[in-house]
>>> print(open('input-v3.pdb').read())   # PDB, C-alpha atoms, pLDDT in the B column
ATOM      1  CA  MET A   1       5.915 -47.375  -7.920  1.00 50.00           C
ATOM      2  CA  GLY A   2       6.702 -48.115 -11.542  1.00 59.00           C
ATOM      3  CA  GLY A   3       6.849 -44.593 -12.938  1.00 67.00           C
ATOM      4  CA  LEU A   4       3.859 -43.112 -11.118  1.00 70.00           C
ATOM      5  CA  GLU A   5       3.910 -39.351 -10.886  1.00 87.00           C
ATOM      6  CA  MET A   6       3.058 -37.561  -7.632  1.00 89.00           C
ATOM      7  CA  ARG A   7       0.965 -35.030  -9.555  1.00 92.00           C
ATOM      8  CA  GLU A   8      -1.183 -37.867 -10.940  1.00 94.00           C
ATOM      9  CA  LEU A   9      -1.760 -39.212  -7.436  1.00 94.00           C
ATOM     10  CA  GLU A  10      -2.562 -35.748  -6.076  1.00 94.00           C
ATOM     11  CA  CYS A  11      -4.985 -35.246  -8.937  1.00 95.00           C
ATOM     12  CA  PHE A  12      -6.721 -38.544  -8.202  1.00 96.00           C
ATOM     13  CA  LEU A  13      -6.976 -37.685  -4.495  1.00 95.00           C
ATOM     14  CA  ALA A  14      -8.439 -34.243  -5.240  1.00 95.00           C
ATOM     15  CA  LEU A  15     -10.910 -35.696  -7.738  1.00 95.00           C
ATOM     16  CA  SER A  16     -11.949 -38.473  -5.383  1.00 95.00           C
ATOM     17  CA  GLU A  17     -12.697 -35.911  -2.665  1.00 94.00           C
ATOM     18  CA  GLU A  18     -14.326 -33.252  -4.846  1.00 94.00           C
ATOM     19  CA  LEU A  19     -16.018 -35.550  -7.392  1.00 94.00           C
ATOM     20  CA  HIS A  20     -15.957 -32.550  -9.704  1.00 93.00           C
ATOM     21  CA  PHE A  21     -13.312 -31.716 -12.313  1.00 93.00           C
ATOM     22  CA  GLY A  22     -13.712 -27.946 -11.954  1.00 93.00           C
ATOM     23  CA  ARG A  23     -13.309 -27.905  -8.168  1.00 94.00           C
ATOM     24  CA  ALA A  24     -10.395 -30.337  -8.353  1.00 94.00           C
ATOM     25  CA  ALA A  25      -8.723 -28.095 -10.938  1.00 93.00           C
ATOM     26  CA  GLU A  26      -9.188 -25.023  -8.725  1.00 94.00           C
ATOM     27  CA  ARG A  27      -7.798 -26.876  -5.750  1.00 92.00           C
ATOM     28  CA  LEU A  28      -4.739 -27.991  -7.721  1.00 92.00           C
ATOM     29  CA  TYR A  29      -4.290 -24.616  -9.501  1.00 93.00           C
ATOM     30  CA  VAL A  30      -4.465 -26.233 -12.947  1.00 93.00           C
ATOM     31  CA  SER A  31      -6.977 -26.338 -15.791  1.00 93.00           C
ATOM     32  CA  GLN A  32      -9.777 -28.886 -16.033  1.00 93.00           C
ATOM     33  CA  GLY A  33      -8.057 -30.217 -19.135  1.00 94.00           C
ATOM     34  CA  ARG A  34      -4.890 -30.867 -17.129  1.00 95.00           C
ATOM     35  CA  VAL A  35      -6.932 -32.732 -14.486  1.00 95.00           C
ATOM     36  CA  SER A  36      -8.408 -34.934 -17.223  1.00 94.00           C
ATOM     37  CA  GLN A  37      -4.957 -35.512 -18.700  1.00 96.00           C
ATOM     38  CA  LEU A  38      -3.444 -36.489 -15.332  1.00 95.00           C
ATOM     39  CA  LEU A  39      -6.309 -38.861 -14.568  1.00 96.00           C
ATOM     40  CA  ARG A  40      -6.080 -40.507 -18.002  1.00 95.00           C
ATOM     41  CA  SER A  41      -2.351 -40.952 -17.524  1.00 95.00           C
ATOM     42  CA  LEU A  42      -2.794 -42.532 -14.085  1.00 95.00           C
ATOM     43  CA  GLU A  43      -5.551 -44.824 -15.339  1.00 95.00           C
ATOM     44  CA  GLY A  44      -3.266 -45.811 -18.235  1.00 94.00           C
ATOM     45  CA  ARG A  45      -0.470 -46.717 -15.834  1.00 93.00           C
ATOM     46  CA  ILE A  46      -2.855 -48.756 -13.679  1.00 93.00           C
ATOM     47  CA  GLY A  47      -4.656 -50.298 -16.621  1.00 95.00           C
ATOM     48  CA  ALA A  48      -8.228 -49.598 -15.546  1.00 96.00           C
ATOM     49  CA  ARG A  49     -10.674 -46.765 -14.893  1.00 96.00           C
ATOM     50  CA  LEU A  50     -10.644 -45.301 -11.400  1.00 96.00           C
ATOM     51  CA  LEU A  51     -13.523 -42.877 -11.912  1.00 95.00           C
ATOM     52  CA  ASP A  52     -16.740 -43.109 -13.879  1.00 94.00           C
ATOM     53  CA  ARG A  53     -17.492 -39.734 -15.381  1.00 89.00           C
ATOM     54  CA  THR A  54     -20.256 -38.255 -17.434  1.00 85.00           C
ATOM     55  CA  SER A  55     -21.055 -34.629 -18.191  1.00 81.00           C
ATOM     56  CA  ARG A  56     -23.239 -34.586 -15.060  1.00 86.00           C
ATOM     57  CA  ARG A  57     -21.541 -36.870 -12.554  1.00 91.00           C
ATOM     58  CA  VAL A  58     -18.188 -38.171 -11.309  1.00 93.00           C
ATOM     59  CA  ALA A  59     -18.037 -41.305  -9.146  1.00 95.00           C
ATOM     60  CA  LEU A  60     -15.358 -43.701  -7.980  1.00 96.00           C
ATOM     61  CA  THR A  61     -15.345 -47.133  -9.569  1.00 96.00           C
ATOM     62  CA  PRO A  62     -15.006 -50.070  -7.147  1.00 96.00           C
ATOM     63  CA  LEU A  63     -11.300 -50.210  -8.079  1.00 97.00           C
ATOM     64  CA  GLY A  64     -11.043 -46.442  -7.567  1.00 96.00           C
ATOM     65  CA  ALA A  65     -12.570 -46.733  -4.088  1.00 96.00           C
ATOM     66  CA  ARG A  66     -10.125 -49.498  -3.181  1.00 96.00           C
ATOM     67  CA  PHE A  67      -7.203 -47.548  -4.615  1.00 95.00           C
ATOM     68  CA  LEU A  68      -8.267 -44.455  -2.633  1.00 95.00           C
ATOM     69  CA  ALA A  69      -8.517 -46.446   0.611  1.00 95.00           C
ATOM     70  CA  GLU A  70      -4.976 -47.770   0.127  1.00 94.00           C
ATOM     71  CA  LEU A  71      -3.457 -44.604  -1.345  1.00 93.00           C
ATOM     72  CA  ARG A  72      -4.698 -42.012   1.172  1.00 93.00           C
ATOM     73  CA  PRO A  73      -2.799 -43.311   4.242  1.00 91.00           C
ATOM     74  CA  ALA A  74       0.343 -43.960   2.193  1.00 91.00           C
ATOM     75  CA  TYR A  75       0.198 -40.499   0.602  1.00 90.00           C
ATOM     76  CA  ASP A  76      -0.386 -38.826   3.980  1.00 88.00           C
ATOM     77  CA  THR A  77       2.601 -40.659   5.461  1.00 87.00           C
ATOM     78  CA  LEU A  78       4.791 -39.708   2.512  1.00 88.00           C
ATOM     79  CA  HIS A  79       3.613 -36.086   2.701  1.00 84.00           C
ATOM     80  CA  ARG A  80       4.421 -35.918   6.444  1.00 81.00           C
ATOM     81  CA  ALA A  81       7.863 -37.411   5.827  1.00 84.00           C
ATOM     82  CA  VAL A  82       8.663 -34.844   3.141  1.00 83.00           C
ATOM     83  CA  GLU A  83       7.316 -31.950   5.228  1.00 78.00           C
ATOM     84  CA  GLY A  84       9.261 -33.175   8.251  1.00 73.00           C
ATOM     85  CA  ALA A  85      12.466 -33.276   6.219  1.00 78.00           C
ATOM     86  CA  ARG A  86      11.785 -29.785   4.841  1.00 77.00           C
ATOM     87  CA  ALA A  87      11.116 -28.421   8.322  1.00 70.00           C
ATOM     88  CA  ALA A  88      14.298 -30.023   9.631  1.00 71.00           C
ATOM     89  CA  ALA A  89      16.262 -28.581   6.701  1.00 75.00           C
ATOM     90  CA  ARG A  90      14.889 -25.123   7.464  1.00 71.00           C
ATOM     91  CA  GLY A  91      15.511 -25.611  11.159  1.00 64.00           C
ATOM     92  CA  LEU A  92      11.799 -25.435  11.975  1.00 65.00           C
ATOM     93  CA  ALA A  93      11.867 -28.009  14.709  1.00 68.00           C
ATOM     94  CA  GLY A  94      12.412 -27.505  18.388  1.00 77.00           C
ATOM     95  CA  VAL A  95      11.380 -24.439  20.350  1.00 83.00           C
ATOM     96  CA  VAL A  96      10.912 -20.843  19.209  1.00 82.00           C
ATOM     97  CA  ARG A  97      10.869 -18.407  22.095  1.00 87.00           C
ATOM     98  CA  VAL A  98       8.907 -15.222  21.438  1.00 86.00           C
ATOM     99  CA  GLY A  99       9.197 -12.273  23.784  1.00 84.00           C
ATOM    100  CA  PHE A 100       6.102 -10.216  24.493  1.00 83.00           C
ATOM    101  CA  GLN A 101       5.368  -7.132  26.546  1.00 80.00           C
ATOM    102  CA  GLY A 102       2.223  -6.922  28.636  1.00 73.00           C
ATOM    103  CA  ASN A 103      -0.718  -9.244  28.015  1.00 74.00           C
ATOM    104  CA  VAL A 104      -0.867 -11.733  25.166  1.00 73.00           C
ATOM    105  CA  ASP A 105      -3.802 -10.637  22.995  1.00 77.00           C
ATOM    106  CA  GLU A 106      -5.952 -12.507  20.474  1.00 83.00           C
ATOM    107  CA  GLN A 107      -3.737 -11.521  17.513  1.00 81.00           C
ATOM    108  CA  VAL A 108      -0.678 -13.076  19.118  1.00 79.00           C
ATOM    109  CA  THR A 109      -2.612 -16.179  20.159  1.00 83.00           C
ATOM    110  CA  GLU A 110      -3.949 -16.604  16.615  1.00 86.00           C
ATOM    111  CA  ALA A 111      -0.483 -16.089  15.096  1.00 83.00           C
ATOM    112  CA  VAL A 112       0.976 -18.737  17.413  1.00 83.00           C
ATOM    113  CA  ARG A 113      -1.869 -21.134  16.556  1.00 87.00           C
ATOM    114  CA  ALA A 114      -1.309 -20.605  12.813  1.00 86.00           C
ATOM    115  CA  PHE A 115       2.461 -21.102  13.185  1.00 84.00           C
ATOM    116  CA  ARG A 116       1.937 -24.349  15.116  1.00 83.00           C
ATOM    117  CA  ALA A 117      -0.426 -25.609  12.419  1.00 83.00           C
ATOM    118  CA  LEU A 118       2.195 -24.938   9.736  1.00 81.00           C
ATOM    119  CA  HIS A 119       5.112 -26.254  11.806  1.00 80.00           C
ATOM    120  CA  PRO A 120       3.842 -29.023  14.100  1.00 80.00           C
ATOM    121  CA  ASP A 121       7.397 -30.062  15.073  1.00 77.00           C
ATOM    122  CA  CYS A 122       8.140 -26.611  16.401  1.00 81.00           C
ATOM    123  CA  GLU A 123       6.930 -25.506  19.818  1.00 84.00           C
ATOM    124  CA  VAL A 124       6.265 -21.816  20.502  1.00 84.00           C
ATOM    125  CA  GLU A 125       7.085 -20.504  23.943  1.00 85.00           C
ATOM    126  CA  ILE A 126       5.799 -17.056  24.903  1.00 84.00           C
ATOM    127  CA  VAL A 127       8.147 -15.223  27.276  1.00 84.00           C
ATOM    128  CA  GLU A 128       7.348 -11.942  28.986  1.00 84.00           C
ATOM    129  CA  VAL A 129      10.007  -9.267  28.433  1.00 82.00           C
ATOM    130  CA  ALA A 130      10.568  -6.184  30.567  1.00 79.00           C
ATOM    131  CA  LEU A 131       8.753  -3.024  29.510  1.00 76.00           C
ATOM    132  CA  GLY A 132      11.859  -0.971  30.291  1.00 77.00           C
ATOM    133  CA  ASP A 133      14.187  -3.221  28.247  1.00 78.00           C
ATOM    134  CA  PRO A 134      12.237  -4.725  25.345  1.00 76.00           C
ATOM    135  CA  PHE A 135      15.345  -5.700  23.350  1.00 80.00           C
ATOM    136  CA  GLY A 136      17.602  -7.024  26.107  1.00 81.00           C
ATOM    137  CA  ALA A 137      16.138 -10.538  25.992  1.00 82.00           C
ATOM    138  CA  VAL A 138      16.744 -10.701  22.221  1.00 83.00           C
ATOM    139  CA  ARG A 139      20.302  -9.451  22.535  1.00 83.00           C
ATOM    140  CA  ARG A 140      21.067 -11.917  25.348  1.00 86.00           C
ATOM    141  CA  GLY A 141      19.572 -14.817  23.354  1.00 84.00           C
ATOM    142  CA  GLU A 142      16.826 -15.435  25.921  1.00 86.00           C
ATOM    143  CA  VAL A 143      14.210 -15.145  23.144  1.00 85.00           C
ATOM    144  CA  ASP A 144      14.436 -15.705  19.395  1.00 85.00           C
ATOM    145  CA  ALA A 145      12.118 -12.805  18.549  1.00 82.00           C
ATOM    146  CA  ALA A 146      10.153 -10.158  20.391  1.00 81.00           C
ATOM    147  CA  ILE A 147       6.836  -8.473  19.737  1.00 80.00           C
ATOM    148  CA  VAL A 148       7.249  -4.839  20.753  1.00 75.00           C
ATOM    149  CA  LEU A 149       5.635  -1.475  20.148  1.00 69.00           C
ATOM    150  CA  MET A 150       6.714   0.456  17.050  1.00 66.00           C
ATOM    151  CA  PRO A 151       8.762   2.346  16.002  1.00 71.00           C
ATOM    152  CA  VAL A 152      11.947   0.365  16.465  1.00 67.00           C
ATOM    153  CA  ALA A 153      15.244   2.061  15.650  1.00 67.00           C
ATOM    154  CA  GLU A 154      17.820  -0.487  16.766  1.00 69.00           C
ATOM    155  CA  PRO A 155      20.689  -0.792  14.242  1.00 66.00           C
ATOM    156  CA  ASP A 156      21.627  -4.310  15.383  1.00 64.00           C
ATOM    157  CA  LEU A 157      18.083  -5.744  15.170  1.00 60.00           C
ATOM    158  CA  VAL A 158      15.874  -6.644  12.221  1.00 62.00           C
ATOM    159  CA  VAL A 159      12.279  -5.449  12.148  1.00 64.00           C
ATOM    160  CA  GLY A 160       9.855  -7.631  10.245  1.00 62.00           C
TER     161      GLY A 160
END
>>> encode(input="input-v3.pdb", output="structure tokens")
Amino acid sequence: MGGLEMRELECFLALSEELHFGRAAERLYVSQGRVSQLLRSLEGRIGARLLDRTSRRVALTPLGARFLAELRPAYDTLHRAVEGARAAARGLAGVVRVGFQGNVDEQVTEAVRAFRALHPDCEVEIVEVALGDPFGAVRRGEVDAAIVLMPVAEPDLVVG
């Protein structure tokens, strides 16, 4: 890619979606000046303007629109590859078995949904555990974690 910086590409993608320097800066957690700097640097590397900008309006140039159409799928693929490698390095692939007593409520369902969104390569399996022995399944390795009533005073288990 001839010295292109990921931050420049991310800046261009944010700007092309927001069409506003302030919103792009907020989204990237940088200043508007940094957004301008990154865009100028990218345009310098490419050798042409990607965005037309005035004090009132930001719009993609024809080259910018073409670049966006080609960059977006490539960036998304690269992002998935990096996230997949990170998840594999952290061991966040496969199946996580979560023990639960009683009925699965909306909080648990929402937590599982959020986890799956963050870790799409990891499946969550909800397993019912016995009310009379809430920690047995954890100790026997039948579940990776258990949602139980507090307080928990088990010296060999971590609460978190």
>>> resolve_selection(input="input-v3.pdb", expression="the PyMOL selection byres ((chain A and resi 27) around 12)", output="ChimeraX atom specification")
/A:10-15,17-18,20-26,28-32,35
>>> resolve_selection(input="input-v3.pdb", expression="the PyMOL selection byres ((chain A and resi 96) around 9)", output="ChimeraX atom specification")
/A:92-95,97-98,122-126,143-145
>>> atom_distance(input="input-v3.pdb", atom1="CA of Glu106 in chain A", atom2="CA of Arg80 in chain A")
29.2 Å
>>> atom_distance(input="input-v3.pdb", atom1="CA of Gly33 in chain A", atom2="CA of Val82 in chain A")
28.2 Å
>>> resolve_selection(input="input-v3.pdb", expression="the PyMOL selection byres ((chain A and resi 70-74) around 12)", output="list in words")
Met1, Met6, Glu8, Leu9, Glu10, Phe12, Leu13, Ala14, Ser16, Glu17, Leu63, Gly64, Ala65, Arg66, Phe67, Leu68, Ala69, Tyr75, Asp76, Thr77, Leu78, His79, Arg80 and Ala81 of chain A
>>> atom_distance(input="input-v3.pdb", atom1="CA of Ala111 in chain A", atom2="CA of Ala137 in chain A")
20.6 Å
>>> closest_residue(input="input-v3.pdb", among="A:Ala88, A:Ala146, A:Ala117, A:Leu4", to="Gly44 in chain A", atoms="all atoms listed in the file")
A:Leu4
>>> closest_residue(input="input-v3.pdb", among="A:Thr54, A:Arg86, A:Gln37, A:Phe100", to="Leu131 in chain A", atoms="all atoms listed in the file")
A:Phe100
>>> closest_residue(input="input-v3.pdb", among="A:Pro62, A:Gly47, A:Gly99, A:Gly84", to="Gly141 in chain A", atoms="only C-alpha atoms")
A:Gly99
>>> closest_residue(input="input-v3.pdb", among="A:Gly132, A:Asp105, A:Leu19, A:Ser36", to="Thr61 in chain A", atoms="only C-alpha atoms")
A:Leu19
>>> closest_residue(input="input-v3.pdb", among="A:Val58, A:Leu118, A:Ala85, A:Ile147", to="Ala130 in chain A", atoms="only C-alpha atoms")
A:Ile147
>>> decode(input="input-v3.pdb", residues="range 70-110 of chain A", atoms="N, CA and C atoms", output="mmCIF file, in the first residue's frame")
data_model
loop_
_atom_site.group_PDB
_atom_site.id
_atom_site.type_symbol
_atom_site.label_atom_id
_atom_site.label_comp_id
_atom_site.auth_asym_id
_atom_site.auth_seq_id
_atom_site.Cartn_x
_atom_site.Cartn_y
_atom_site.Cartn_z
ATOM 1 N N GLU A 70 -14.126 1.112 -3.412
ATOM 2 C CA GLU A 70 -13.105 0.059 -3.434
ATOM 3 C C GLU A 70 -12.492 -0.176 -2.055
ATOM 4 N N LEU A 71 -12.387 0.888 -1.262
ATOM 5 C CA LEU A 71 -11.752 0.781 0.051
ATOM 6 C C LEU A 71 -12.642 0.086 1.072
ATOM 7 N N ARG A 72 -13.929 0.415 1.107
ATOM 8 C CA ARG A 72 -14.811 -0.092 2.168
ATOM 9 C C ARG A 72 -14.779 -1.616 2.293
ATOM 10 N N PRO A 73 -14.987 -2.381 1.188
ATOM 11 C CA PRO A 73 -14.960 -3.839 1.353
ATOM 12 C C PRO A 73 -13.581 -4.360 1.774
ATOM 13 N N ALA A 74 -12.526 -3.756 1.241
ATOM 14 C CA ALA A 74 -11.177 -4.182 1.602
ATOM 15 C C ALA A 74 -10.897 -3.886 3.073
ATOM 16 N N TYR A 75 -11.290 -2.701 3.530
ATOM 17 C CA TYR A 75 -11.082 -2.334 4.935
ATOM 18 C C TYR A 75 -11.876 -3.256 5.846
ATOM 19 N N ASP A 76 -13.132 -3.531 5.497
ATOM 20 C CA ASP A 76 -13.963 -4.413 6.321
ATOM 21 C C ASP A 76 -13.357 -5.810 6.420
ATOM 22 N N THR A 77 -12.837 -6.315 5.310
ATOM 23 C CA THR A 77 -12.196 -7.628 5.313
ATOM 24 C C THR A 77 -10.949 -7.619 6.185
ATOM 25 N N LEU A 78 -10.145 -6.585 6.057
ATOM 26 C CA LEU A 78 -8.940 -6.461 6.872
ATOM 27 C C LEU A 78 -9.305 -6.352 8.355
ATOM 28 N N HIS A 79 -10.311 -5.555 8.668
ATOM 29 C CA HIS A 79 -10.754 -5.381 10.049
ATOM 30 C C HIS A 79 -11.219 -6.719 10.636
ATOM 31 N N ARG A 80 -12.007 -7.484 9.869
ATOM 32 C CA ARG A 80 -12.468 -8.796 10.345
ATOM 33 C C ARG A 80 -11.299 -9.738 10.570
ATOM 34 N N ALA A 81 -10.316 -9.704 9.683
ATOM 35 C CA ALA A 81 -9.147 -10.573 9.829
ATOM 36 C C ALA A 81 -8.376 -10.247 11.106
ATOM 37 N N VAL A 82 -8.183 -8.963 11.362
ATOM 38 C CA VAL A 82 -7.465 -8.552 12.573
ATOM 39 C C VAL A 82 -8.266 -8.918 13.818
ATOM 40 N N GLU A 83 -9.566 -8.644 13.808
ATOM 41 C CA GLU A 83 -10.407 -8.978 14.962
ATOM 42 C C GLU A 83 -10.475 -10.482 15.184
ATOM 43 N N GLY A 84 -10.515 -11.247 14.107
ATOM 44 C CA GLY A 84 -10.509 -12.704 14.231
ATOM 45 C C GLY A 84 -9.220 -13.204 14.852
ATOM 46 N N ALA A 85 -8.102 -12.628 14.446
ATOM 47 C CA ALA A 85 -6.811 -13.019 15.025
ATOM 48 C C ALA A 85 -6.740 -12.622 16.494
ATOM 49 N N ARG A 86 -7.240 -11.443 16.833
ATOM 50 C CA ARG A 86 -7.259 -11.015 18.240
ATOM 51 C C ARG A 86 -8.116 -11.942 19.081
ATOM 52 N N ALA A 87 -9.297 -12.279 18.568
ATOM 53 C CA ALA A 87 -10.200 -13.170 19.304
ATOM 54 C C ALA A 87 -9.553 -14.531 19.502
ATOM 55 N N ALA A 88 -8.904 -15.039 18.452
ATOM 56 C CA ALA A 88 -8.230 -16.332 18.573
ATOM 57 C C ALA A 88 -7.090 -16.257 19.584
ATOM 58 N N ALA A 89 -6.369 -15.142 19.597
ATOM 59 C CA ALA A 89 -5.266 -14.973 20.546
ATOM 60 C C ALA A 89 -5.778 -14.920 21.987
ATOM 61 N N ARG A 90 -6.948 -14.334 22.164
ATOM 62 C CA ARG A 90 -7.543 -14.256 23.500
ATOM 63 C C ARG A 90 -8.335 -15.510 23.831
ATOM 64 N N GLY A 91 -8.454 -16.407 22.883
ATOM 65 C CA GLY A 91 -9.225 -17.617 23.116
ATOM 66 C C GLY A 91 -10.718 -17.379 23.064
ATOM 67 N N LEU A 92 -11.159 -16.348 22.355
ATOM 68 C CA LEU A 92 -12.580 -16.029 22.286
ATOM 69 C C LEU A 92 -13.210 -16.623 21.032
ATOM 70 N N ALA A 93 -12.988 -17.878 20.849
ATOM 71 C CA ALA A 93 -13.631 -18.606 19.764
ATOM 72 C C ALA A 93 -14.073 -19.935 20.355
ATOM 73 N N GLY A 94 -15.089 -20.496 19.795
ATOM 74 C CA GLY A 94 -15.581 -21.764 20.315
ATOM 75 C C GLY A 94 -16.880 -21.568 21.066
ATOM 76 N N VAL A 95 -17.007 -22.271 22.183
ATOM 77 C CA VAL A 95 -18.246 -22.255 22.956
ATOM 78 C C VAL A 95 -17.941 -21.850 24.391
ATOM 79 N N VAL A 96 -18.741 -20.920 24.907
ATOM 80 C CA VAL A 96 -18.700 -20.550 26.323
ATOM 81 C C VAL A 96 -19.993 -21.069 26.940
ATOM 82 N N ARG A 97 -19.863 -21.891 27.938
ATOM 83 C CA ARG A 97 -21.040 -22.451 28.599
ATOM 84 C C ARG A 97 -21.286 -21.683 29.887
ATOM 85 N N VAL A 98 -22.473 -21.114 29.999
ATOM 86 C CA VAL A 98 -22.834 -20.301 31.165
ATOM 87 C C VAL A 98 -23.957 -20.994 31.912
ATOM 88 N N GLY A 99 -23.691 -21.290 33.191
ATOM 89 C CA GLY A 99 -24.704 -21.897 34.035
ATOM 90 C C GLY A 99 -25.666 -20.851 34.568
ATOM 91 N N PHE A 100 -26.919 -21.244 34.717
ATOM 92 C CA PHE A 100 -27.943 -20.317 35.183
ATOM 93 C C PHE A 100 -28.973 -21.071 35.998
ATOM 94 N N GLN A 101 -29.409 -20.454 37.082
ATOM 95 C CA GLN A 101 -30.441 -21.053 37.919
ATOM 96 C C GLN A 101 -31.794 -20.464 37.571
ATOM 97 N N GLY A 102 -32.808 -21.311 37.484
ATOM 98 C CA GLY A 102 -34.154 -20.805 37.245
ATOM 99 C C GLY A 102 -34.384 -20.428 35.798
ATOM 100 N N ASN A 103 -35.153 -19.363 35.587
ATOM 101 C CA ASN A 103 -35.492 -18.902 34.241
ATOM 102 C C ASN A 103 -34.494 -17.865 33.752
ATOM 103 N N VAL A 104 -34.182 -17.918 32.475
ATOM 104 C CA VAL A 104 -33.308 -16.924 31.862
ATOM 105 C C VAL A 104 -34.132 -15.654 31.655
ATOM 106 N N ASP A 105 -33.694 -14.552 32.288
ATOM 107 C CA ASP A 105 -34.451 -13.303 32.188
ATOM 108 C C ASP A 105 -33.890 -12.405 31.089
ATOM 109 N N GLU A 106 -34.503 -11.231 30.936
ATOM 110 C CA GLU A 106 -34.124 -10.303 29.871
ATOM 111 C C GLU A 106 -32.692 -9.801 30.025
ATOM 112 N N GLN A 107 -32.229 -9.607 31.264
ATOM 113 C CA GLN A 107 -30.849 -9.136 31.471
ATOM 114 C C GLN A 107 -29.848 -10.147 30.938
ATOM 115 N N VAL A 108 -30.076 -11.407 31.221
ATOM 116 C CA VAL A 108 -29.164 -12.452 30.746
ATOM 117 C C VAL A 108 -29.232 -12.544 29.220
ATOM 118 N N THR A 109 -30.413 -12.516 28.671
ATOM 119 C CA THR A 109 -30.582 -12.577 27.221
ATOM 120 C C THR A 109 -29.864 -11.412 26.548
ATOM 121 N N GLU A 110 -29.993 -10.217 27.100
ATOM 122 C CA GLU A 110 -29.333 -9.042 26.533
ATOM 123 C C GLU A 110 -27.817 -9.149 26.666
#
